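This report refers to the structure that appears directly beneath it.
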Amino acid sequence: MWLLLIFVISITASLAADNNGFQNTVRPVIVKNCVACHNPSLTSGGVNLVPFTNGGTVVSERAAWEKILRKIESGEMPPKGVPRPDPAAVDALVHFLNAEFDKADRSLAPDPGRVTARRLNRTEYSNTIRDLLGIEFHADEDFPSDDLGEGFDNIADVLSISPLLMEKYVAAAERIAARAIGNVPLPKPVTASYDPKDHNLRRVDVDTIEAVHRIDFDGDYDVLIGLPGARSADSPPVRLAFWMDGKLLHQVTTETKPSNLVYFSPFSEEHFRLSLPEGEHTFRAGFLDDTFIKTLPEKDYYRSAKNKYPGTITITGPFASTAERTGRKQILVCDPQSGNDCVARIISTLARRAYRRPPTKAEVDALVRLSTTAKQQGEGVEEGIQLALEAMLVSPNFLFRIERDPSPTDVARVHRVDDFELATRLSYFLWSSMPDEELLRTAESGILHDPGTLDAQIKRMLADPRSAALAENFAGQWLEIRNLDSIKPDPDRFVRWGPELKTAMKTETLMFFSYVLQQNRPLSDFLDARYTFVNERLAKFYGIPGVTGPEFRRIELATDQRGGILTQASVLTVSSYPTRTSPTIRGKYLLNNILGTPPPPPPPDVPALDASKVGSEVSLRKQLEEHRNNAVCASCHSKMDVLGFGLENYNGIGKWRTVDGKFPIDSSGTLPGGKSFATPAELKQILAAQMPEFARCVTEKMMVYALGRGLQPYDGSTIRGIDERLQKDNYPFRNLIYEIVHSLPFQSRRGELVTSKPSAAAKETAKR
Amino acid sequence: MITRKALPRRTFLRGAGAAVAIPFLDSMVPAMASAASTPEKPIRMAFVYVPNGIDMRNWNPAYEGPLQQLPRILKPLEPFKQDFNLLGNLTHNAGRALLDGAGDHGRCCASYLTGIQPRKTMVDIKAGVSFDQVVANQVGAKTRFKSLEIGMEDSRQAGDCDSGYSCAYTNNLAWRSDTQPLPPILNPRALFERLFGADAGLTPEARKRRNVYRRSILDLVSADARNLASGLGPTDQHKLDEYLSSIREIELQIERTENDNTQVTPGMEKPYGIPADFAEHFKLMTNMITVAFQADLTRVVTFLVTHEGTSRAYREIGIPDGHHPLTHHRNQEALMEKVAQINTYHVVQFAGWIEKLKASKEGDSNLLDNSMIVYGAGLSDGNRHLHEDLPTLVAGRAGSYFKTGRRIVYRRETPMCNLFLTMMDRMGVHTEDFGDSTGPLEGLDLA
C-alpha cells in the first residue's frame, strides 16, 4: 500500500516536474541568453527562439531542440561577446533536456524504418560477380557513376536505373555469362608495347616501370620485359618481378652482368606466359632486393655501360588459356549433355546464389524454358545455360536487394526481415558482396537470426579477407579518402606528391582502420594512437627513420607529431586545396566527420582568400581572422577555423612544417567552449575528450552505411542505446559492428505510409 | 499508296572507308516526306554546360545587334562570328534560393534543363523531366539513340556536393523523369562502344540471333519485375517502374536496330581510357558526337563539361588553383584573371567543335547550320551565385531558321525556358509552356 502510494505520488510529481523543470532550467536560459538575437524581428542566423520558451515544444519540436542543445552544450552559442549563462545553469539545462528526450523515446513505439529496394552499386556488382562466377569484372570502367546520398554510394533512394545503365547491364551480362561458360572466341593475338620513348610507360624509380594496359579477353598472354644495359662483370643476378594491380604474378632471376654476345648496345630480355583476366590493369615490372643500385651514383642510372634496368613491357595475346576455369566448373555441376534434369539442376543451383535465396519453381521453369531458345536457334545446350545466366544477371532479383513485407502499406506492422534478407543485409554490410555458401546455408536452416548464430557469422565474416570492403567502402567514404584519386595537388608546390605517395597515404589509413576494427581497439584510437602503418616512402615523408622497403608494417610512434587519422597524410590532403591548406575546410571536415555537427552552408557572395597573398603578404591566420570580424561569418567560423588551425603544422599534403612561407606556424587556438590548445597534439586531446560526440558520429555514419538510408528522428533511441553500451567498455570498435547488426532497424522493417510523399521526413534529416 | 522506296541515309556509310562524309542527296529524302511536301532535314540540338559561372565582364559585349568586336572569352569564336547568336538577360528563377537557403551550385545545375527547382535533399532526389528529354521522347524514335549524355569529369566519390543537395543534382544535366537523372558517359571508349558497337565484328546472322536472345531475356526479366512489384510498397514499386521503363527503352532500341542494320564507320580508332589532357578528351568526345549527328544516330545531346563546384585545376594553362575556389574571387583582379583564362580555355575547345561541325557538309549546307548548339552556364557571376543574365550562346541556324551573327538582349528576367520553348518548336515538339516560360523567344528567326 505504501509502495503504491509512493509510486503514485512520484508519477504525479514527475509529470508536474516536466513543466516546472522546463520553467526552472530551460526557459530562463533561453529568455535571458538567446532571444535577444533570436527573436521574430532579428532572427539572427534565421533562427527565432521565442516559440521555444514554451515547454511543450520539447516534444513537438524535438529535432530543433536537439540542435539547440548541441549548440549550447558545445559552447558555440551564445557567441563570444554575448553574456553567457553560468556553467551550472548549462549543466542543468543539458541534463533536463536529455532526460526529457529519453523519456519521450521510451514512450514511443519502436520504429525500425524502411529501406527502399536497393540496386547493387558498381562496387557491389563487381564483387558479386567475382564471388558468384569467379570472374574479374570492373563495373567502374563500364557503368555510369552511382550517385551519392548522405556521403555514401549505397543509399537506396538515390541509386536509380537509367536506360544507359540498363544497356550496360544487358551488355555486361552477355559478356560475363560468355566468359563464365568459356564461350568467348579469341581473336588473333596482337602485340602492345610500352616504352618511355612513346610516353606510354612510367618510370616509378630506376628499378621499376609501370604501364596501364587493357586486356580485352581472358586468356594467356606473352609478357616480355626489355632490360637495357649491363652492370659490372662481377655483379650478381637480381630478381625481376611482375605485378598486376599491385598483385605479384611472376618472379624470375635474371643476369645483370655483360653477356658474352657482342651487341651494339647491351640488352637482354625476360619473357613468360601468364593467364590474365579481362579489364584495364596496371602492370609493373621491377627488380626486387637490388643491392647493386644502392651503390650506383644517380648519374649512371640510365647509362647502359654502367647499369641494367627494366626498360620496356611488351604484351602479346590472347592465346587459348591452359588455366582451368573455376567459374565454369562451378556452374556445370553435372554434365548438361545428360539431359534436361541436369540443365534444370544447373540453373536452379545458379539462381539460388544469384538471387541470394532459393528460386521458386516458376522462376526455374521460366529460366529453363529460356535456355531452350538456344536450341531453336541452332545452338547447343551450353549456350542455353549461358542464356539463362544472362537473364539472371539482368533480373531485378539479382540487381536489386528486395525485401518483402506481409503488408507493405501498413506502417504499424513491424516485422523481422527473413533469414535470407538478413544474410544479404549482413554480407553487403561487411563484404559489399553476396552471401557465401555457409551464410546461405545458415539462412536456409532458419537459425541465422538466433543471436548466438548471428554473432558466430559476424565473427567469421570479419575474419574473412572480403571484410576489407569495410575499410575500402565505409572508411573510404566516411574519411573521404576515396577523393585522393581525383584531387590533384599542385606538383610545383608539393614536389613529393606522386602516385606512389598517394597510394601509400591511402594504404596507411585503410590498414589503420582495419587494425582498429580487427583488434577491437577503442574508438579513441582514431583520434589518437601511438602506432601507425608505413612503408619506406611514407616513413621518409613523415620523417620517421629506420623503415626500408615498399611493404607496410606497423610501427610505434616515437613523437606526438603523428597519431590517429587526423594527422594521417591522406586525411590532411583531402581536406586541403590543391595549392594550400584550408583551416576552414579542415575545420569543416572535423565537424562533419568527427564531431558529427556539420556547420550550416555559407551564404552566397562569400569571399575566398587571396591565395597569392597567403604565406607572402599576410599570414593565413591573419587573413582568416579578418574574415571572422564579420559577425555572420564568425558564428560558424569561430569553431571551424580554430579547429582547422590546430592542424596548420601539416601542409597541403600533410607534411610537417613549422613555417608557411615566411610566417611561423601558430597552431594554437581557443574553442568556443573555452578550451585552449597550443599544438596539434593538444587539439587531439581535446577532441579525444569529446568521445560521446565522436562515438555518436561514427555510429550514425556506420548506421547509414549499413542500412542504406538516411537516419530519421525515430532512429535516435537506437543510436543512443548503442552508444551507452559501447561507453561502458570504453567504445570498442568491433562491438559497434555487432551492435548495429543486432539493432532494430538492421533486423526489422515495416510497411510504408502511402499517402504522404516519402520525402517529408527525409528532408528533415537532410537539413540537420 | 506510297511505293517509291527511300534510300536509307546510312546506306552510304556501309563500307565507307576512314572518314565519314554523308552527302545529303535528294534520293535520300523519304518518299513519305516528299509526298507530304516538307522534306525532313534533321535538326540537332546540343547543350554544352560549363560550371561555376563565367567572368561576365569578358563575356557580355557592350552593344546590341550585329556582332562586332568579340569580348575576350569569346575571341576563339571569331572565325564563326556569323554562325551564332549571343543572348542576354535569360534567367532561371528556379535556380534561386526561394526560401531553400544555400546550395546555388546544386540548384542551378538541376534546374538548368528541367526548369524546376529541385527538392533540397541528399537522399530522395526530385527535379523534373528535362526539356531535352521531352524532345528526345518525340524525335528519338527516328534515331538509334533517343539522346546522348556525355561529360568529362568523374563524380565525387565521397563527401557532400552542395549544401544539402545530393550529388545527383550536380552530376547530371538530363532528367528522364523527376526522380531519374541520366548519368553522362565520361569514358571515350564507352562512348565509342555505345555509338559504334562493341560487337562490330558480328555477322548479320549472329546479330539477328543476339536480338532474338535479348528479346527473350527482356521478356523474362520484365515478368520477374512485374511479379515482384505486386507485393511491394509504393517506393519499391517506383524503383521497379524505373527498371521496367529502362527495359522498354532497350526493347525499342533493338527494334530500331532490326529495322536498320547498317553499320556506321566511326572514322577513328577505338580510344582507350580517359586522356589526362583536357583538350584531347574534349576533342575525342565531340568528334564522336559529330559522327553521331552526321550519321543521324541521335539528334539530342547534353554535354556536362565539368561539375558545378568542381575544384579541377587547369595546369594545362598554368593554373594550379581549383576552379570553384577561384570563382569566389572577392573581385580580386589576379583571381578574376585566372577565371577568365579558364573560361577562355573552355571556349577554345568549344570553337574547335564548332569548326568541325561547320566543316561537315550536309546537302548544300553543313551540320552546324542544321543544328542548335547551346553553350552556357547555370550561373552568370559565380562569385555571387547570380541566376540572371545567364551566359548563353546559340550556335547554328536550326536549318536556315535562325538569323545568326547577333547579340540580342532581352527584357530583364526573361525566362531561360522561353529559349527552350523556341528550341522545342524547331525540333518539332509543339507545346504551350515549359517550366516558367512565358512564351517563345522573339527575334531569333529570319523573319
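For the C-alpha cells, the naming scheme is as follows: chains receive sequential letters (A, B, ...) according to their order of presentation, residues are indexed from 1 within each chain, and ligands are indexed from 1 in presentation order.
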List the spatial neighbours of A:Pro491 as a list in words - criterion: any atom at most 12 Å away, only C-alpha atoms, same-chain residues fewer than 6 positions off excluded.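 After dropping sequence-adjacent residues, the list is Trp497, Gly498, Pro499, Pro578, Thr579, Arg580, Gly652 and Ile653 of chain A; Ala313, Arg315, Gly318, Ile319, Pro320 and Asp321 of chain B.
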Just asking: which residues within stretch 466-694 of chain A are alpha helix (DSSP H) according to DSSP, as an MDAnalysis selection string? chainID A and resid 468:469 476:478 499:518 524:527 536:542 569:574 583:593 620:628 631:645 680:688 691:694
Can you work out which residues from chain B touch chain A at a cut-off of 6 Å (counting only C-alpha atoms) and hand them back as a ChimeraX atom specification? /B:121-124,157-160,163,166-168,182,217,221,232-233,236,246,320-321,328,330,383-384
Residues from the last selection, N, CA, C and O atoms, saved as a CSV table (one decimal), in the first residue's frame:
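Printed below is again24.csv as written:
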```csv
chain,number,residue,atom,x,y,z
B,121,THR,N,17.5,17.9,-50.9
B,121,THR,CA,17.7,16.7,-50.1
B,121,THR,C,19.0,16.0,-50.6
B,121,THR,O,19.5,16.2,-51.6
B,122,MET,N,19.5,15.2,-49.7
B,122,MET,CA,20.7,14.4,-50.0
B,122,MET,C,20.2,13.0,-50.4
B,122,MET,O,21.1,12.2,-50.8
B,123,VAL,N,19.0,12.7,-50.2
B,123,VAL,CA,18.6,11.3,-50.4
B,123,VAL,C,17.5,11.1,-51.5
B,123,VAL,O,17.8,10.6,-52.6
B,124,ASP,N,16.3,11.6,-51.2
B,124,ASP,CA,15.2,11.3,-52.1
B,124,ASP,C,15.1,12.4,-53.2
B,124,ASP,O,14.2,13.2,-53.1
B,157,GLN,N,33.6,11.1,-55.2
B,157,GLN,CA,33.4,9.7,-54.7
B,157,GLN,C,33.0,9.7,-53.2
B,157,GLN,O,32.7,8.7,-52.7
B,158,ALA,N,33.2,10.8,-52.5
B,158,ALA,CA,32.9,10.9,-51.1
B,158,ALA,C,32.6,12.3,-50.7
B,158,ALA,O,32.9,13.2,-51.4
B,159,GLY,N,31.9,12.4,-49.6
B,159,GLY,CA,31.6,13.8,-49.1
B,159,GLY,C,30.3,14.3,-49.7
B,159,GLY,O,29.6,13.6,-50.4
B,160,ASP,N,30.0,15.5,-49.3
B,160,ASP,CA,28.7,16.1,-49.8
B,160,ASP,C,29.0,17.0,-51.0
B,160,ASP,O,30.1,17.3,-51.3
B,163,SER,N,25.8,21.8,-50.0
B,163,SER,CA,24.9,22.4,-49.0
B,163,SER,C,23.6,21.7,-48.9
B,163,SER,O,22.5,22.3,-48.9
B,166,SER,N,21.9,16.6,-53.0
B,166,SER,CA,22.6,15.4,-53.4
B,166,SER,C,23.5,15.6,-54.6
B,166,SER,O,23.3,16.5,-55.4
B,167,CYS,N,24.5,14.8,-54.7
B,167,CYS,CA,25.4,14.9,-55.8
B,167,CYS,C,24.7,14.6,-57.1
B,167,CYS,O,25.2,15.0,-58.2
B,168,ALA,N,23.6,13.9,-57.0
B,168,ALA,CA,22.8,13.6,-58.3
B,168,ALA,C,22.5,14.9,-59.0
B,168,ALA,O,22.4,14.9,-60.2
B,182,LEU,N,19.9,11.2,-65.9
B,182,LEU,CA,20.6,10.4,-66.8
B,182,LEU,C,22.1,10.7,-66.7
B,182,LEU,O,22.6,11.7,-67.1
B,217,ILE,N,15.2,-12.6,-73.2
B,217,ILE,CA,15.7,-12.3,-71.8
B,217,ILE,C,14.9,-11.1,-71.2
B,217,ILE,O,14.5,-11.2,-70.1
B,221,VAL,N,12.8,-11.1,-67.8
B,221,VAL,CA,13.1,-10.2,-66.6
B,221,VAL,C,11.9,-9.2,-66.4
B,221,VAL,O,11.7,-8.8,-65.2
B,232,LEU,N,4.8,-5.1,-53.3
B,232,LEU,CA,5.7,-4.1,-52.7
B,232,LEU,C,5.1,-2.8,-52.4
B,232,LEU,O,4.0,-2.5,-52.9
B,233,GLY,N,5.7,-2.1,-51.5
B,233,GLY,CA,5.2,-0.7,-51.2
B,233,GLY,C,5.5,0.2,-52.4
B,233,GLY,O,6.2,-0.1,-53.3
B,236,ASP,N,9.2,1.1,-53.5
B,236,ASP,CA,9.8,0.0,-54.1
B,236,ASP,C,9.3,-0.2,-55.5
B,236,ASP,O,10.0,-0.5,-56.5
B,246,SER,N,13.2,1.3,-68.3
B,246,SER,CA,14.5,1.2,-68.9
B,246,SER,C,14.6,0.0,-69.8
B,246,SER,O,15.2,0.0,-70.9
B,320,PRO,N,47.2,26.3,-61.2
B,320,PRO,CA,47.2,25.2,-60.3
B,320,PRO,C,46.0,25.2,-59.3
B,320,PRO,O,45.8,24.3,-58.6
B,321,ASP,N,45.3,26.4,-59.2
B,321,ASP,CA,44.2,26.5,-58.2
B,321,ASP,C,42.9,25.8,-58.7
B,321,ASP,O,42.7,25.7,-59.9
B,328,HIS,N,35.2,32.3,-56.4
B,328,HIS,CA,34.9,33.2,-55.3
B,328,HIS,C,36.0,34.1,-55.0
B,328,HIS,O,36.8,34.1,-54.0
B,330,ARG,N,36.2,37.5,-54.7
B,330,ARG,CA,36.1,38.7,-54.0
B,330,ARG,C,36.6,39.9,-54.8
B,330,ARG,O,37.2,40.8,-54.3
B,383,ASN,N,30.9,34.3,-58.4
B,383,ASN,CA,31.3,34.8,-57.1
B,383,ASN,C,30.0,35.0,-56.2
B,383,ASN,O,30.0,34.7,-55.1
B,384,ARG,N,29.0,35.6,-56.9
B,384,ARG,CA,27.8,36.0,-56.1
B,384,ARG,C,26.7,35.0,-56.3
B,384,ARG,O,25.6,35.2,-55.9
```
Need to verify the contact set: A:Pro336, 8 Å, only C-alpha atoms, exclusion of same-chain residues closer than 5 positions in sequence. Can you return it as a PDB file with N, CA, C and O atoms, in the first residue's frame?
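The resulting file, out31.pdb, is shown below:
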```pdb
ATOM      1  N   CYS A 342      19.483 -32.309 -65.657  1.00  0.00           N
ATOM      2  CA  CYS A 342      20.742 -31.674 -65.273  1.00  0.00           C
ATOM      3  C   CYS A 342      20.702 -30.186 -65.572  1.00  0.00           C
ATOM      4  O   CYS A 342      21.152 -29.376 -64.755  1.00  0.00           O
ATOM      5  N   VAL A 343      20.150 -29.811 -66.723  1.00  0.00           N
ATOM      6  CA  VAL A 343      20.065 -28.385 -67.066  1.00  0.00           C
ATOM      7  C   VAL A 343      19.278 -27.646 -65.987  1.00  0.00           C
ATOM      8  O   VAL A 343      19.690 -26.585 -65.505  1.00  0.00           O
ATOM      9  N   ILE A 346      21.446 -27.316 -62.917  1.00  0.00           N
ATOM     10  CA  ILE A 346      22.458 -26.264 -63.072  1.00  0.00           C
ATOM     11  C   ILE A 346      21.825 -24.894 -62.876  1.00  0.00           C
ATOM     12  O   ILE A 346      22.332 -24.045 -62.137  1.00  0.00           O
ATOM     13  N   VAL A 381      23.470 -26.804 -75.923  1.00  0.00           N
ATOM     14  CA  VAL A 381      22.887 -26.732 -74.592  1.00  0.00           C
ATOM     15  C   VAL A 381      23.688 -25.783 -73.692  1.00  0.00           C
ATOM     16  O   VAL A 381      23.125 -25.105 -72.826  1.00  0.00           O
ATOM     17  N   GLU A 382      25.002 -25.688 -73.914  1.00  0.00           N
ATOM     18  CA  GLU A 382      25.792 -24.757 -73.107  1.00  0.00           C
ATOM     19  C   GLU A 382      25.410 -23.315 -73.389  1.00  0.00           C
ATOM     20  O   GLU A 382      25.366 -22.478 -72.479  1.00  0.00           O
TER      21      GLU A 382
END
```
If you count only C-alpha atoms, which residues fall within 9 Å of B:Val134, apart from same-chain ones fewer than 5 positions away, as a VMD selection string? chain B and resid 129 176 424 429
Restricting it to C-alpha atoms, dump the selection as a CSV table (one decimal), in the first residue's frame.
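The file below, out_22.csv, is the result:
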```csv
chain,number,residue,atom,x,y,z
B,129,VAL,CA,11.8,16.0,-66.8
B,176,ARG,CA,14.3,11.3,-67.7
B,424,MET,CA,11.4,22.6,-78.9
B,429,VAL,CA,7.8,19.5,-80.5
```
Hey, can you check how far atom CA of B:Thr290 sits from atom CA of B:Leu357?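 Calculated distance between atom CA of B:Thr290 and atom CA of B:Leu357 is 6.5 Å.
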Would you mind listing what lies within 7 Å of B:Thr298 as a PyMOL selection string, with only C-alpha atoms counted and same-chain residues fewer than 6 positions away left out? chain B and resi 143-147+292
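Among the candidates A:Thr295, A:Gln568, A:Thr128, A:Thr442, the one nearest to A:Ala504 when counting only C-alpha atoms is A:Gln568.
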List the neighbours of A:Leu350 out to 10 Å using only C-alpha atoms; skip same-chain residues closer than 3 positions along the sequence, and give me the result as a list in words. Leu132, Leu133, Gln330, Ile331, Leu332, Val333, Ala344, Arg345, Ile346, Ile347, Arg353, Ala354, Tyr355, Arg356, Pro358, Pro359, Val364, Ala388, Leu389 and Met392 of chain A
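With only C-alpha atoms taken into account, the protein and nucleic acid residues at most 9 Å from A:Met505 (excluding it and anything under 5 positions from it in its own chain) are Leu484, Glu500, Leu510, Val534, Leu538, Gln568, Ala569, Ser570 and Val571 of chain A.
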Export, as a PDB file, in the first residue's frame, the selected residues with all heavy atoms.
```
ATOM      1  N   LEU A 484      41.173  10.945 -52.827  1.00  0.00           N
ATOM      2  CA  LEU A 484      42.592  11.020 -53.171  1.00  0.00           C
ATOM      3  C   LEU A 484      42.808  10.741 -54.654  1.00  0.00           C
ATOM      4  O   LEU A 484      43.742  11.253 -55.260  1.00  0.00           O
ATOM      5  CB  LEU A 484      43.387   9.993 -52.360  1.00  0.00           C
ATOM      6  CG  LEU A 484      43.813  10.382 -50.948  1.00  0.00           C
ATOM      7  CD1 LEU A 484      44.467   9.200 -50.267  1.00  0.00           C
ATOM      8  CD2 LEU A 484      44.770  11.562 -50.978  1.00  0.00           C
ATOM      9  N   GLU A 500      52.885   7.094 -56.091  1.00  0.00           N
ATOM     10  CA  GLU A 500      53.326   6.159 -55.049  1.00  0.00           C
ATOM     11  C   GLU A 500      53.007   6.703 -53.663  1.00  0.00           C
ATOM     12  O   GLU A 500      52.545   5.977 -52.792  1.00  0.00           O
ATOM     13  CB  GLU A 500      54.838   5.900 -55.139  1.00  0.00           C
ATOM     14  CG  GLU A 500      55.194   4.859 -56.168  1.00  0.00           C
ATOM     15  CD  GLU A 500      54.935   5.320 -57.572  1.00  0.00           C
ATOM     16  OE1 GLU A 500      55.225   6.498 -57.867  1.00  0.00           O
ATOM     17  OE2 GLU A 500      54.426   4.535 -58.376  1.00  0.00           O
ATOM     18  N   LEU A 510      43.746   2.850 -44.636  1.00  0.00           N
ATOM     19  CA  LEU A 510      42.944   1.628 -44.727  1.00  0.00           C
ATOM     20  C   LEU A 510      43.456   0.573 -43.744  1.00  0.00           C
ATOM     21  O   LEU A 510      42.674  -0.096 -43.064  1.00  0.00           O
ATOM     22  CB  LEU A 510      42.965   1.074 -46.157  1.00  0.00           C
ATOM     23  CG  LEU A 510      42.295   1.951 -47.216  1.00  0.00           C
ATOM     24  CD1 LEU A 510      42.355   1.291 -48.590  1.00  0.00           C
ATOM     25  CD2 LEU A 510      40.833   2.241 -46.845  1.00  0.00           C
ATOM     26  N   VAL A 534      53.312   2.222 -42.043  1.00  0.00           N
ATOM     27  CA  VAL A 534      54.062   2.962 -43.069  1.00  0.00           C
ATOM     28  C   VAL A 534      54.937   2.003 -43.866  1.00  0.00           C
ATOM     29  O   VAL A 534      55.240   0.891 -43.432  1.00  0.00           O
ATOM     30  CB  VAL A 534      54.987   4.036 -42.435  1.00  0.00           C
ATOM     31  CG1 VAL A 534      54.191   5.172 -41.839  1.00  0.00           C
ATOM     32  CG2 VAL A 534      55.903   3.414 -41.397  1.00  0.00           C
ATOM     33  N   LEU A 538      56.498   6.438 -47.190  1.00  0.00           N
ATOM     34  CA  LEU A 538      55.686   7.245 -46.282  1.00  0.00           C
ATOM     35  C   LEU A 538      56.470   7.616 -45.026  1.00  0.00           C
ATOM     36  O   LEU A 538      56.349   8.741 -44.522  1.00  0.00           O
ATOM     37  CB  LEU A 538      54.402   6.479 -45.923  1.00  0.00           C
ATOM     38  CG  LEU A 538      53.320   7.285 -45.232  1.00  0.00           C
ATOM     39  CD1 LEU A 538      52.827   8.423 -46.122  1.00  0.00           C
ATOM     40  CD2 LEU A 538      52.121   6.391 -44.851  1.00  0.00           C
ATOM     41  N   GLN A 568      47.031  11.801 -40.288  1.00  0.00           N
ATOM     42  CA  GLN A 568      47.465  10.982 -41.422  1.00  0.00           C
ATOM     43  C   GLN A 568      47.415  11.825 -42.688  1.00  0.00           C
ATOM     44  O   GLN A 568      46.484  12.610 -42.905  1.00  0.00           O
ATOM     45  CB  GLN A 568      46.581   9.734 -41.546  1.00  0.00           C
ATOM     46  CG  GLN A 568      46.856   8.761 -40.389  1.00  0.00           C
ATOM     47  CD  GLN A 568      46.009   7.512 -40.445  1.00  0.00           C
ATOM     48  OE1 GLN A 568      45.247   7.286 -41.380  1.00  0.00           O
ATOM     49  NE2 GLN A 568      46.142   6.682 -39.422  1.00  0.00           N
ATOM     50  N   ALA A 569      48.417  11.642 -43.527  1.00  0.00           N
ATOM     51  CA  ALA A 569      48.556  12.490 -44.711  1.00  0.00           C
ATOM     52  C   ALA A 569      47.332  12.401 -45.623  1.00  0.00           C
ATOM     53  O   ALA A 569      46.947  13.381 -46.251  1.00  0.00           O
ATOM     54  CB  ALA A 569      49.818  12.104 -45.472  1.00  0.00           C
ATOM     55  N   SER A 570      46.698  11.218 -45.685  1.00  0.00           N
ATOM     56  CA  SER A 570      45.531  11.058 -46.555  1.00  0.00           C
ATOM     57  C   SER A 570      44.438  12.060 -46.170  1.00  0.00           C
ATOM     58  O   SER A 570      43.924  12.797 -47.015  1.00  0.00           O
ATOM     59  CB  SER A 570      44.994   9.635 -46.434  1.00  0.00           C
ATOM     60  OG  SER A 570      44.653   9.368 -45.082  1.00  0.00           O
ATOM     61  N   VAL A 571      44.105  12.080 -44.896  1.00  0.00           N
ATOM     62  CA  VAL A 571      43.032  12.958 -44.418  1.00  0.00           C
ATOM     63  C   VAL A 571      43.434  14.424 -44.576  1.00  0.00           C
ATOM     64  O   VAL A 571      42.631  15.268 -45.000  1.00  0.00           O
ATOM     65  CB  VAL A 571      42.704  12.632 -42.940  1.00  0.00           C
ATOM     66  CG1 VAL A 571      41.858  13.726 -42.306  1.00  0.00           C
ATOM     67  CG2 VAL A 571      42.007  11.284 -42.849  1.00  0.00           C
TER      68      VAL A 571
END
```
Please, what distance in Å, to one decimal, runs between atom CA of A:Tyr531 and atom CA of A:Ala475? 18.3 Å
Work out how far apart atom CA of B:Tyr272 and atom CA of B:Arg189 are and give it in Å to one decimal. 5.5 Å
